[in-house]
>>> print(open('run01.txt').read())   # compact mmCIF, C-alpha atoms
# COMPACT_ATOMS: atom_id res chain seq x y z
CA MET A 1179 -59.91 90.43 86.42
CA ALA A 1180 -63.38 89.51 87.62
CA LEU A 1181 -65.06 90.37 84.32
CA GLU A 1182 -62.80 88.38 81.99
CA ASN A 1183 -65.10 85.36 82.33
CA ILE A 1184 -68.20 87.43 81.54
CA CYS A 1185 -66.62 89.30 78.63
CA GLY A 1186 -64.98 86.21 77.13
CA PHE A 1187 -61.49 87.71 77.28
CA ARG A 1188 -59.89 84.27 77.60
CA ASP A 1189 -61.02 83.38 74.06
CA THR A 1190 -59.30 86.36 72.41
CA SER A 1191 -55.92 86.32 70.70
CA VAL A 1192 -54.63 88.97 73.10
CA HIS A 1193 -55.17 86.65 76.07
CA ARG A 1194 -53.42 83.76 74.34
CA GLU A 1195 -50.49 86.05 73.52
CA TRP A 1196 -50.16 87.43 77.04
CA PHE A 1197 -50.88 84.17 78.90
CA PRO A 1198 -49.62 81.11 76.99
CA ALA A 1199 -51.29 77.86 77.98
CA ASP A 1200 -48.04 76.11 78.89
CA HIS A 1201 -47.42 78.62 81.67
CA PHE A 1202 -50.42 77.35 83.60
CA GLU A 1203 -50.95 73.74 82.66
CA ASP A 1204 -49.53 70.75 80.88
CA THR A 1205 -51.98 70.12 78.05
CA ALA A 1206 -51.14 66.41 77.92
CA THR A 1207 -51.79 65.38 81.51
CA SER A 1208 -53.18 68.40 83.35
CA TYR A 1209 -56.20 68.32 85.63
CA HIS A 1210 -58.73 70.85 84.34
CA LEU A 1211 -60.30 72.71 87.25
CA THR A 1212 -63.36 73.68 85.26
CA ASP A 1213 -64.73 70.15 85.64
CA LEU A 1214 -64.70 70.65 89.41
CA CYS A 1215 -66.23 74.09 89.55
CA ASN A 1216 -68.85 74.29 86.80
CA PHE A 1217 -71.47 72.34 88.83
CA GLY A 1218 -72.06 69.70 86.18
CA LEU A 1219 -72.03 71.96 83.08
CA ARG A 1220 -69.44 69.90 81.23
CA ARG A 1221 -70.09 71.26 77.73
CA LEU A 1222 -69.92 75.01 78.29
CA ASN A 1223 -69.49 75.91 74.62
CA THR A 1224 -72.83 74.38 73.66
CA SER A 1225 -74.82 75.16 76.81
CA GLY A 1226 -77.69 77.55 76.29
CA THR A 1227 -78.05 78.56 79.94
CA ASN A 1228 -74.77 80.46 80.10
CA ARG A 1229 -74.75 81.58 76.44
CA GLY A 1230 -71.33 80.11 75.76
CA ILE A 1231 -69.56 82.04 78.50
CA PRO A 1232 -66.60 80.10 79.96
CA GLN A 1233 -66.54 79.37 83.66
CA ASP A 1234 -62.87 78.68 84.24
CA PHE A 1235 -60.79 79.36 87.32
CA LEU A 1236 -57.36 80.81 86.58
CA VAL A 1237 -55.07 79.06 89.07
CA PRO A 1238 -51.43 80.24 89.28
CA PRO A 1239 -48.66 77.68 88.83
CA LEU A 1240 -47.49 76.07 92.09
CA PRO A 1241 -44.55 73.82 92.94
CA ASN A 1242 -46.93 70.91 93.53
CA SER A 1243 -49.87 71.87 91.32
CA GLY A 1244 -49.41 69.00 88.88
CA PRO A 1245 -52.09 66.42 88.11
CA PHE A 1246 -53.58 64.70 91.14
CA HIS A 1247 -52.69 61.21 89.95
CA HIS A 1248 -48.94 61.90 89.82
CA ARG A 1249 -48.52 64.84 92.19
CA PRO A 1250 -45.01 64.84 93.74
CA SER A 1251 -44.54 64.84 97.48
CA MET A 1252 -44.03 68.07 99.38
CA ALA A 1253 -40.45 67.17 100.28
CA ALA A 1254 -39.57 66.55 96.63
CA SER A 1255 -41.23 69.80 95.61
CA LEU A 1256 -39.22 71.80 98.13
CA ALA A 1257 -36.01 70.11 97.01
CA ASN A 1258 -36.66 70.89 93.35
CA ASN A 1259 -37.57 74.51 94.05
CA SER A 1260 -34.62 75.90 95.97
CA GLY A 1261 -35.61 79.42 94.96
CA MET A 1262 -38.73 79.42 97.16
CA VAL A 1263 -38.71 82.36 99.56
CA ARG A 1264 -38.98 81.31 103.20
CA ARG A 1265 -39.80 83.37 106.25
CA PRO A 1266 -36.83 84.29 108.44
CA PHE A 1267 -38.70 82.93 111.47
CA PRO A 1268 -42.02 81.11 111.99
CA LEU A 1269 -45.06 83.17 112.87
CA SER A 1270 -47.72 81.84 115.22
CA HIS A 1271 -51.33 82.48 114.20
CA GLY A 1272 -53.90 83.11 116.90
CA THR A 1273 -57.53 84.21 116.99
CA THR A 1274 -60.96 83.39 118.36
CA THR A 1275 -63.93 83.07 116.01
CA LEU A 1276 -67.22 81.26 116.56
CA GLY A 1277 -70.61 80.68 115.02
CA PHE A 1278 -73.70 78.77 116.08
CA ILE A 1279 -77.29 78.17 114.99
CA PHE A 1280 -80.32 78.74 117.22
CA GLN A 1281 -84.05 79.21 116.71
CA GLY A 1282 -83.61 82.87 115.75
CA GLY A 1283 -80.98 82.41 113.04
CA VAL A 1284 -77.17 82.31 113.08
CA ILE A 1285 -74.76 84.15 115.37
CA ALA A 1286 -71.17 84.90 114.28
CA ALA A 1287 -68.67 86.48 116.68
CA ALA A 1288 -64.91 87.12 116.72
CA ASP A 1289 -62.23 89.12 118.45
CA THR A 1290 -60.29 91.89 116.70
CA ARG A 1291 -56.64 91.22 117.55
CA ALA A 1292 -54.18 90.42 114.73
CA SER A 1293 -51.03 88.81 116.08
CA ALA A 1294 -47.66 88.06 114.46
CA GLY A 1295 -45.94 85.73 116.86
CA GLY A 1296 -45.62 87.60 120.15
CA LEU A 1297 -46.44 90.94 118.52
CA VAL A 1298 -49.91 92.49 118.45
CA ALA A 1299 -49.81 93.66 114.83
CA CYS A 1300 -53.24 95.35 114.90
CA PRO A 1301 -55.82 95.59 117.70
CA ALA A 1302 -58.82 96.44 115.51
CA VAL A 1303 -59.03 94.16 112.47
CA HIS A 1304 -62.26 92.81 110.99
CA LYS A 1305 -62.40 89.02 111.18
CA ILE A 1306 -66.04 88.81 110.05
CA THR A 1307 -66.58 89.79 106.42
CA PRO A 1308 -69.99 90.17 104.73
CA ILE A 1309 -70.05 88.40 101.36
CA HIS A 1310 -73.63 89.30 100.41
CA SER A 1311 -76.87 90.20 102.18
CA HIS A 1312 -77.39 86.70 103.65
CA LEU A 1313 -73.81 85.44 104.11
CA VAL A 1314 -70.90 86.47 106.34
CA VAL A 1315 -67.56 84.69 106.75
CA THR A 1316 -65.42 84.44 109.88
CA SER A 1317 -61.70 84.11 109.13
CA SER A 1318 -58.74 82.66 111.00
CA GLY A 1319 -55.24 81.90 109.82
CA SER A 1320 -52.98 84.15 107.82
CA GLY A 1321 -54.55 87.59 107.48
CA ALA A 1322 -53.35 88.16 103.91
CA ASP A 1323 -54.50 84.72 102.73
CA CYS A 1324 -57.92 85.11 104.34
CA MET A 1325 -58.49 88.55 102.80
CA LEU A 1326 -57.53 87.30 99.34
CA TRP A 1327 -59.78 84.23 99.40
CA GLU A 1328 -62.70 86.15 100.83
CA ARG A 1329 -62.49 88.53 97.86
CA ILE A 1330 -62.19 85.61 95.43
CA LEU A 1331 -65.25 83.94 96.98
CA ALA A 1332 -67.27 87.17 96.82
CA ARG A 1333 -66.29 87.62 93.17
CA GLU A 1334 -67.25 84.09 92.14
CA ILE A 1335 -70.59 84.28 93.95
CA ARG A 1336 -71.35 87.57 92.23
CA LEU A 1337 -70.40 86.16 88.82
CA TYR A 1338 -72.62 83.14 89.46
CA GLN A 1339 -75.50 85.47 90.30
CA LEU A 1340 -74.98 87.47 87.11
CA ARG A 1341 -74.94 84.30 84.99
CA HIS A 1342 -77.84 82.41 86.55
CA ARG A 1343 -79.96 85.30 87.89
CA HIS A 1344 -80.05 83.92 91.44
CA ARG A 1345 -77.61 83.65 94.31
CA LEU A 1346 -75.51 80.58 94.92
CA SER A 1347 -76.62 78.66 98.01
CA ILE A 1348 -74.48 78.56 101.16
CA ARG A 1349 -73.70 74.88 100.57
CA GLY A 1350 -72.76 75.62 96.97
CA SER A 1351 -70.54 78.49 98.10
CA ALA A 1352 -68.75 76.23 100.58
CA LYS A 1353 -68.27 73.54 97.93
CA LEU A 1354 -66.93 76.11 95.48
CA LEU A 1355 -64.46 77.46 98.05
CA SER A 1356 -63.34 73.94 98.96
CA PHE A 1357 -62.66 73.05 95.31
CA MET A 1358 -60.69 76.26 94.78
CA LEU A 1359 -58.56 75.72 97.89
CA HIS A 1360 -57.78 72.02 97.34
CA PRO A 1361 -55.05 72.56 94.67
CA PHE A 1362 -53.09 74.56 97.28
CA LYS A 1363 -52.99 71.63 99.72
CA GLY A 1364 -49.47 71.10 101.06
CA THR A 1365 -48.38 74.70 100.54
CA GLU A 1366 -47.93 77.36 103.21
CA LEU A 1367 -51.43 78.70 102.56
CA CYS A 1368 -53.24 79.10 105.91
CA VAL A 1369 -56.98 79.77 105.60
CA ALA A 1370 -59.85 78.66 107.82
CA LEU A 1371 -63.22 80.20 106.97
CA THR A 1372 -66.60 79.59 108.56
CA LEU A 1373 -69.57 80.43 106.32
CA CYS A 1374 -72.51 81.71 108.39
CA GLY A 1375 -75.62 82.42 106.35
CA TRP A 1376 -79.25 81.82 105.49
CA ASP A 1377 -80.41 79.96 102.39
CA GLU A 1378 -83.59 81.02 100.62
CA GLU A 1379 -85.84 79.06 98.32
CA THR A 1380 -84.51 78.94 94.75
CA GLY A 1381 -87.87 80.02 93.41
CA ASN A 1382 -87.96 83.09 95.62
CA ALA A 1383 -84.42 84.02 94.60
CA ASN A 1384 -85.25 83.72 90.91
CA CYS A 1385 -88.39 85.76 91.43
CA ALA A 1386 -86.43 88.52 93.12
CA MET A 1387 -83.98 88.72 90.21
CA ARG A 1388 -86.59 89.18 87.49
CA SER A 1389 -88.00 92.65 86.95
CA ASP A 1390 -91.38 91.42 85.75
CA ASP A 1391 -92.00 89.65 89.08
CA CYS A 1392 -91.03 92.48 91.42
CA ALA A 1393 -94.53 92.70 92.86
CA ALA A 1394 -94.50 89.03 93.84
CA ALA A 1395 -91.08 89.46 95.46
CA ASP A 1396 -92.29 92.43 97.51
CA CYS A 1397 -95.32 90.43 98.56
CA SER A 1398 -93.21 87.49 99.73
CA LEU A 1399 -90.93 89.86 101.67
CA ASP A 1400 -93.94 91.32 103.47
CA VAL A 1401 -95.08 87.82 104.38
CA VAL A 1402 -91.65 87.07 105.84
CA ARG A 1403 -91.74 90.26 107.91
CA ARG A 1404 -95.18 89.44 109.28
CA GLN A 1405 -94.35 85.86 110.11
CA GLY A 1406 -91.07 86.68 111.87
CA VAL A 1407 -87.76 84.93 111.96
CA THR A 1408 -88.76 82.10 114.29
CA SER A 1409 -91.32 80.63 111.91
CA ARG A 1410 -88.81 80.65 109.06
CA ALA A 1411 -86.27 78.91 111.26
CA HIS A 1412 -88.71 76.00 111.60
CA SER A 1413 -89.21 75.76 107.82
CA THR A 1414 -89.60 72.20 106.63
CA SER A 1415 -87.85 72.85 103.31
CA PRO A 1416 -84.36 71.31 103.23
CA ASN A 1417 -83.17 74.02 100.82
CA SER A 1418 -83.83 77.00 103.08
CA GLY A 1419 -82.88 78.03 106.58
CA PRO A 1420 -79.72 78.73 108.58
CA ARG A 1421 -76.41 77.27 107.45
CA LEU A 1422 -73.04 76.98 109.18
CA ILE A 1423 -70.16 75.41 107.20
CA TYR A 1424 -66.43 75.31 107.96
CA VAL A 1425 -63.85 75.25 105.13
CA CYS A 1426 -60.07 75.13 105.60
CA SER A 1427 -57.12 75.52 103.27
CA ASP A 1428 -56.63 71.79 102.61
CA GLY A 1429 -60.10 71.59 101.07
CA ALA A 1430 -61.91 70.07 104.05
CA ARG A 1431 -65.59 71.05 104.33
CA LEU A 1432 -67.71 70.41 107.45
CA GLN A 1433 -71.29 71.40 108.21
CA GLY A 1434 -72.61 71.67 111.76
CA ASP A 1435 -74.57 73.67 114.31
CA VAL A 1436 -71.64 75.18 116.22
CA PHE A 1437 -68.02 75.93 115.25
CA SER A 1438 -65.20 77.76 117.00
CA VAL A 1439 -61.87 78.20 115.23
CA GLY A 1440 -58.56 79.60 116.42
CA SER A 1441 -56.18 79.39 119.35
CA GLY A 1442 -58.93 80.54 121.72
CA SER A 1443 -61.48 77.99 120.49
CA PRO A 1444 -61.03 75.48 123.38
CA TYR A 1445 -62.04 78.17 125.88
CA ALA A 1446 -64.93 79.33 123.69
CA TYR A 1447 -66.20 75.75 123.32
CA GLY A 1448 -66.24 75.43 127.10
CA VAL A 1449 -68.74 78.30 127.33
CA LEU A 1450 -70.77 77.28 124.28
CA ASP A 1451 -71.15 73.64 125.35
CA GLY A 1452 -72.53 74.77 128.69
CA GLY A 1453 -75.04 77.36 127.51
CA LEU A 1454 -75.98 76.67 123.89
CA ARG A 1455 -79.47 75.36 123.16
CA TRP A 1456 -81.92 75.67 120.28
CA SER A 1457 -84.55 77.66 122.22
CA LEU A 1458 -82.29 80.63 123.01
CA SER A 1459 -83.76 84.09 122.46
CA LYS A 1460 -81.83 86.67 120.47
CA GLU A 1461 -80.67 88.48 123.62
CA GLU A 1462 -79.54 85.21 125.22
CA ALA A 1463 -77.68 84.14 122.07
CA VAL A 1464 -75.89 87.49 121.81
CA SER A 1465 -74.94 87.32 125.49
CA LEU A 1466 -73.64 83.76 125.10
CA ALA A 1467 -71.48 84.69 122.10
CA ARG A 1468 -70.03 87.70 123.89
CA GLU A 1469 -69.31 85.60 126.95
CA ALA A 1470 -67.57 82.90 124.88
CA VAL A 1471 -65.32 85.40 123.10
CA PHE A 1472 -64.57 87.20 126.37
CA ARG A 1473 -63.56 84.00 128.18
CA ALA A 1474 -61.37 82.96 125.26
CA THR A 1475 -59.59 86.31 125.09
CA HIS A 1476 -59.10 86.30 128.86
CA ARG A 1477 -57.04 83.07 128.64
CA ASP A 1478 -55.60 83.21 125.11
CA ALA A 1479 -52.74 85.67 124.59
CA TYR A 1480 -53.28 85.82 120.81
CA SER A 1481 -56.92 87.00 121.11
CA GLY A 1482 -58.34 90.16 122.61
CA ASN A 1483 -59.16 93.87 122.36
CA ASN A 1484 -62.75 93.95 121.00
CA VAL A 1485 -65.60 91.70 119.97
CA ASP A 1486 -67.55 91.89 116.68
CA LEU A 1487 -70.93 90.18 116.42
CA PHE A 1488 -73.27 89.51 113.48
CA HIS A 1489 -76.80 88.10 113.50
CA ILE A 1490 -78.07 86.47 110.28
CA THR A 1491 -81.76 85.82 109.70
CA ALA A 1492 -84.12 85.36 106.75
CA LEU A 1493 -84.06 89.15 106.28
CA GLY A 1494 -80.27 89.31 106.03
CA TRP A 1495 -77.41 90.07 108.40
CA SER A 1496 -77.24 92.78 111.03
CA GLN A 1497 -74.12 93.90 112.88
CA ARG A 1498 -73.92 94.74 116.55
CA LYS A 1499 -71.83 97.70 117.61
CA ARG A 1500 -68.23 96.75 118.40
CA GLU A 1501 -67.61 96.35 122.13
CA ASP A 1502 -64.39 96.76 124.07
CA LEU A 1503 -63.54 93.62 126.01
CA ARG A 1504 -61.92 95.66 128.79
CA GLU A 1505 -65.37 96.95 129.74
CA GLU A 1506 -66.67 93.39 129.77
CA TYR A 1507 -63.77 92.44 132.07
CA TYR A 1508 -64.66 95.16 134.58
CA ARG A 1509 -68.34 94.25 134.42
CA ASP A 1510 -67.41 90.65 135.13
CA MET A 1511 -65.32 91.72 138.13
CA GLU A 1512 -68.27 93.73 139.49
CA ARG A 1513 -70.56 90.71 139.10
CA ARG A 1514 -68.12 88.53 140.98
CA GLU A 1515 -67.81 91.06 143.80
CA LYS A 1516 -71.59 91.26 144.13
CA ILE A 1517 -71.90 87.47 144.23
CA ALA A 1518 -69.17 87.24 146.87
CA GLU A 1519 -70.89 89.93 148.96
CA ILE A 1520 -74.25 88.13 148.77
CA ARG A 1521 -72.60 84.89 149.89
CA LYS A 1522 -70.99 86.64 152.84
CA ARG A 1523 -74.31 88.10 153.91
CA ARG A 1524 -76.00 84.68 153.68
CA THR A 1525 -73.21 83.08 155.72
CA ALA A 1526 -73.42 85.81 158.36
CA SER A 1527 -77.23 85.51 158.63
CA GLU A 1528 -77.00 81.71 158.96
CA ASP A 1529 -74.36 82.01 161.70
CA SER A 1530 -76.37 84.62 163.61
CA GLY A 1531 -79.57 82.60 163.29
>>> encode(input="run01.txt", output="structure tokens")
Amino acid sequence: MALENICGFRDTSVHREWFPADHFEDTATSYHLTDLCNFGLRRLNTSGTNRGIPQDFLVPPLPNSGPFHHRPSMAASLANNSGMVRRPFPLSHGTTTLGFIFQGGVIAAADTRASAGGLVACPAVHKITPIHSHLVVTSSGSGADCMLWERILAREIRLYQLRHRHRLSIRGSAKLLSFMLHPFKGTELCVALTLCGWDEETGNANCAMRSDDCAAADCSLDVVRRQGVTSRAHSTSPNSGPRLIYVCSDGARLQGDVFSVGSGSPYAYGVLDGGLRWSLSKEEAVSLAREAVFRATHRDAYSGNNVDLFHITALGWSQRKREDLREEYYRDMERREKIAEIRKRRTASEDSG
């Protein structure tokens, strides 16, 4: 499936026989998604950069996937498609994911509880998914939808890298995901992804992909290791550095310095707004993220069990060992008992004095 664009399978007679064009689009008035997703390469057949390889996105037919200028309303679509399968009862989605930027890179954290209404479906899911060496994605919404679109995003980024010999930027990845999700607006698709990553200079990425410049790439990597992460975080280049972008299933795309998504996000924001600052050290940033997830899971019934944490820098992402939130709860109780005991001692000394 992922290699049909590279191999040119869509141009063969077998593909036209198996997948007729009228099953996927109305040739007279359809909206061709390639114009959205080819990043300005309008004439793919004559372009020399991609050697004539098509860059189409195969979108399945939907009840409301007609052209944008005469798309029917959702109510009319549901009325005309009585055969649509509906859930026997509504399921509530709940989670706690967060990400923020500081002087040492990007921190991404999430709980591990998968809920289906009032049922804890799984206590140990992975809500942070690595896409490549410098990009991870936090997911909230429907578990099946998030897993599918994370795999689609990873595939398209890999295909882009194979075609152009350098990785797609974090902003480009977010724009690509937004364009792919927008045709599903108004459906029951429920996806909210936060892209947490680090963009590198385009020149360095191209240099790393070419075999004849391997020595220069190794040299630049050594320079990065000597300089450290903090100096790269203060880079003046607008095309490199930490990135944090939120994309949801209706195609919305927002870039910022801190995001928290899910039913536990109001509680997490309360902790982040009070302790987040640019000058945090790595240890302080990790502690703040753990505290935010813990406070959210303590109040939100749909979040809990464990906390996963990733740290993304110019050298790539690193994962912290998964921690049980029950241990954090008992540590917090011990801290409170110690604080209460100190206050009692101070009060007793003041009264005696």
>>> closest_residue(input="run01.txt", among="A:Gly1442, A:Asp1451, A:Ile1490, A:Gly1277", to="His1476 (chain A)", atoms="all atoms listed in the file")
A:Gly1442
>>> residues_around(input="run01.txt", residues="Glu1461 (chain A)", least_positions_apart="2", cutoff="12 Å", atoms="all atoms listed in the file", output="number ranges by chain")
A: 1280, 1282, 1285, 1457-1459, 1463-1468, 1489, 1498
>>> atom_distance(input="run01.txt", atom1="CA of Arg1345 (chain A)", atom2="CA of Ala1286 (chain A)")
21.0 Å
>>> closest_residue(input="run01.txt", among="A:Leu1422, A:Val1449, A:Ala1479, A:Ile1335", to="Val1315 (chain A)", atoms="only C-alpha atoms")
A:Leu1422
>>> closest_residue(input="run01.txt", among="A:Leu1313, A:Ile1330, A:Leu1346, A:Ala1430", to="Pro1361 (chain A)", atoms="all atoms listed in the file")
A:Ala1430
>>> atom_distance(input="run01.txt", atom1="CA of Thr1365 (chain A)", atom2="CA of Gly1321 (chain A)")
15.9 Å
>>> atom_distance(input="run01.txt", atom1="CA of Ser1351 (chain A)", atom2="CA of Val1471 (chain A)")
26.5 Å
>>> residues_around(input="run01.txt", residues="Leu1355 (chain A)", least_positions_apart="2", cutoff="9 Å", atoms="only C-alpha atoms", output="list in words")
Trp1327, Ile1330, Leu1331, Gly1350, Ser1351, Ala1352, Lys1353, Phe1357, Met1358, Leu1359, His1360, Val1425 and Gly1429 of chain A
>>> residues_around(input="run01.txt", residues="Ser1481 (chain A)", least_positions_apart="4", cutoff="9 Å", atoms="all atoms listed in the file", output="PyMOL selection string")
chain A and resi 1272-1274+1289-1293+1440-1442+1471+1474-1477
>>> write_last_selection(input="run01.txt", atoms="C-alpha atoms", output="PDB file, in the coordinates of the input")
ATOM      1  CA  GLY A1272     -53.900  83.110 116.900  1.00  0.00           C
ATOM      2  CA  THR A1273     -57.530  84.210 116.990  1.00  0.00           C
ATOM      3  CA  THR A1274     -60.960  83.390 118.360  1.00  0.00           C
ATOM      4  CA  ASP A1289     -62.230  89.120 118.450  1.00  0.00           C
ATOM      5  CA  THR A1290     -60.290  91.890 116.700  1.00  0.00           C
ATOM      6  CA  ARG A1291     -56.640  91.220 117.550  1.00  0.00           C
ATOM      7  CA  ALA A1292     -54.180  90.420 114.730  1.00  0.00           C
ATOM      8  CA  SER A1293     -51.030  88.810 116.080  1.00  0.00           C
ATOM      9  CA  GLY A1440     -58.560  79.600 116.420  1.00  0.00           C
ATOM     10  CA  SER A1441     -56.180  79.390 119.350  1.00  0.00           C
ATOM     11  CA  GLY A1442     -58.930  80.540 121.720  1.00  0.00           C
ATOM     12  CA  VAL A1471     -65.320  85.400 123.100  1.00  0.00           C
ATOM     13  CA  ALA A1474     -61.370  82.960 125.260  1.00  0.00           C
ATOM     14  CA  THR A1475     -59.590  86.310 125.090  1.00  0.00           C
ATOM     15  CA  HIS A1476     -59.100  86.300 128.860  1.00  0.00           C
ATOM     16  CA  ARG A1477     -57.040  83.070 128.640  1.00  0.00           C
TER      17      ARG A1477
END
>>> residues_around(input="run01.txt", residues="Thr1491 (chain A)", least_positions_apart="3", cutoff="8 Å", atoms="all atoms listed in the file", output="short mmCIF file (atom, residue, chain, number, x, y, z; two decimals) with C-alpha atoms, keeping the file's coordinate frame")
data_model
loop_
_atom_site.label_atom_id
_atom_site.label_comp_id
_atom_site.auth_asym_id
_atom_site.auth_seq_id
_atom_site.Cartn_x
_atom_site.Cartn_y
_atom_site.Cartn_z
CA GLY A 1282 -83.61 82.87 115.75
CA GLY A 1283 -80.98 82.41 113.04
CA VAL A 1284 -77.17 82.31 113.08
CA HIS A 1312 -77.39 86.70 103.65
CA GLY A 1375 -75.62 82.42 106.35
CA TRP A 1376 -79.25 81.82 105.49
CA VAL A 1407 -87.76 84.93 111.96
CA PRO A 1420 -79.72 78.73 108.58
CA GLY A 1494 -80.27 89.31 106.03
CA TRP A 1495 -77.41 90.07 108.40
#
>>> build_atoms(input="run01.txt", residues="region 1271-1291 of chain A", atoms="N, CA and C atoms", output="PDB file, in the coordinates of the input")
ATOM      1  N   HIS A1271     -50.027  81.876 114.476  1.00  0.00           N
ATOM      2  CA  HIS A1271     -51.330  82.480 114.200  1.00  0.00           C
ATOM      3  C   HIS A1271     -52.249  82.233 115.389  1.00  0.00           C
ATOM      4  N   GLY A1272     -52.975  83.259 115.785  1.00  0.00           N
ATOM      5  CA  GLY A1272     -53.900  83.110 116.900  1.00  0.00           C
ATOM      6  C   GLY A1272     -55.121  83.988 116.728  1.00  0.00           C
ATOM      7  N   THR A1273     -56.273  83.454 117.104  1.00  0.00           N
ATOM      8  CA  THR A1273     -57.530  84.210 116.990  1.00  0.00           C
ATOM      9  C   THR A1273     -58.621  83.439 117.724  1.00  0.00           C
ATOM     10  N   THR A1274     -59.776  84.057 117.821  1.00  0.00           N
ATOM     11  CA  THR A1274     -60.960  83.390 118.360  1.00  0.00           C
ATOM     12  C   THR A1274     -62.158  83.792 117.514  1.00  0.00           C
ATOM     13  N   THR A1275     -62.709  82.848 116.783  1.00  0.00           N
ATOM     14  CA  THR A1275     -63.930  83.070 116.010  1.00  0.00           C
ATOM     15  C   THR A1275     -64.912  81.962 116.343  1.00  0.00           C
ATOM     16  N   LEU A1276     -66.191  82.270 116.258  1.00  0.00           N
ATOM     17  CA  LEU A1276     -67.220  81.260 116.560  1.00  0.00           C
ATOM     18  C   LEU A1276     -68.488  81.568 115.789  1.00  0.00           C
ATOM     19  N   GLY A1277     -69.295  80.552 115.645  1.00  0.00           N
ATOM     20  CA  GLY A1277     -70.610  80.680 115.020  1.00  0.00           C
ATOM     21  C   GLY A1277     -71.490  79.540 115.491  1.00  0.00           C
ATOM     22  N   PHE A1278     -72.768  79.822 115.678  1.00  0.00           N
ATOM     23  CA  PHE A1278     -73.700  78.770 116.080  1.00  0.00           C
ATOM     24  C   PHE A1278     -75.096  79.110 115.581  1.00  0.00           C
ATOM     25  N   ILE A1279     -75.920  78.063 115.475  1.00  0.00           N
ATOM     26  CA  ILE A1279     -77.290  78.170 114.990  1.00  0.00           C
ATOM     27  C   ILE A1279     -78.239  78.028 116.185  1.00  0.00           C
ATOM     28  N   PHE A1280     -79.262  78.865 116.225  1.00  0.00           N
ATOM     29  CA  PHE A1280     -80.320  78.740 117.220  1.00  0.00           C
ATOM     30  C   PHE A1280     -81.646  79.059 116.544  1.00  0.00           C
ATOM     31  N   GLN A1281     -82.736  79.070 117.318  1.00  0.00           N
ATOM     32  CA  GLN A1281     -84.050  79.210 116.710  1.00  0.00           C
ATOM     33  C   GLN A1281     -84.275  80.559 116.048  1.00  0.00           C
ATOM     34  N   GLY A1282     -83.458  81.544 116.350  1.00  0.00           N
ATOM     35  CA  GLY A1282     -83.610  82.870 115.750  1.00  0.00           C
ATOM     36  C   GLY A1282     -82.664  83.159 114.612  1.00  0.00           C
ATOM     37  N   GLY A1283     -81.887  82.176 114.153  1.00  0.00           N
ATOM     38  CA  GLY A1283     -80.980  82.410 113.040  1.00  0.00           C
ATOM     39  C   GLY A1283     -79.573  81.908 113.343  1.00  0.00           C
ATOM     40  N   VAL A1284     -78.570  82.667 112.906  1.00  0.00           N
ATOM     41  CA  VAL A1284     -77.170  82.310 113.080  1.00  0.00           C
ATOM     42  C   VAL A1284     -76.445  83.475 113.731  1.00  0.00           C
ATOM     43  N   ILE A1285     -75.595  83.163 114.709  1.00  0.00           N
ATOM     44  CA  ILE A1285     -74.760  84.150 115.370  1.00  0.00           C
ATOM     45  C   ILE A1285     -73.312  83.904 114.979  1.00  0.00           C
ATOM     46  N   ALA A1286     -72.598  84.963 114.574  1.00  0.00           N
ATOM     47  CA  ALA A1286     -71.170  84.900 114.280  1.00  0.00           C
ATOM     48  C   ALA A1286     -70.465  85.955 115.117  1.00  0.00           C
ATOM     49  N   ALA A1287     -69.393  85.568 115.804  1.00  0.00           N
ATOM     50  CA  ALA A1287     -68.670  86.480 116.680  1.00  0.00           C
ATOM     51  C   ALA A1287     -67.179  86.203 116.554  1.00  0.00           C
ATOM     52  N   ALA A1288     -66.367  87.247 116.809  1.00  0.00           N
ATOM     53  CA  ALA A1288     -64.910  87.120 116.720  1.00  0.00           C
ATOM     54  C   ALA A1288     -64.262  88.262 117.470  1.00  0.00           C
ATOM     55  N   ASP A1289     -63.016  88.038 117.864  1.00  0.00           N
ATOM     56  CA  ASP A1289     -62.230  89.120 118.450  1.00  0.00           C
ATOM     57  C   ASP A1289     -61.619  89.958 117.345  1.00  0.00           C
ATOM     58  N   THR A1290     -60.825  90.956 117.701  1.00  0.00           N
ATOM     59  CA  THR A1290     -60.290  91.890 116.700  1.00  0.00           C
ATOM     60  C   THR A1290     -58.786  92.021 116.750  1.00  0.00           C
ATOM     61  N   ARG A1291     -58.098  91.111 117.414  1.00  0.00           N
ATOM     62  CA  ARG A1291     -56.640  91.220 117.550  1.00  0.00           C
ATOM     63  C   ARG A1291     -55.948  90.428 116.447  1.00  0.00           C
TER      64      ARG A1291
END
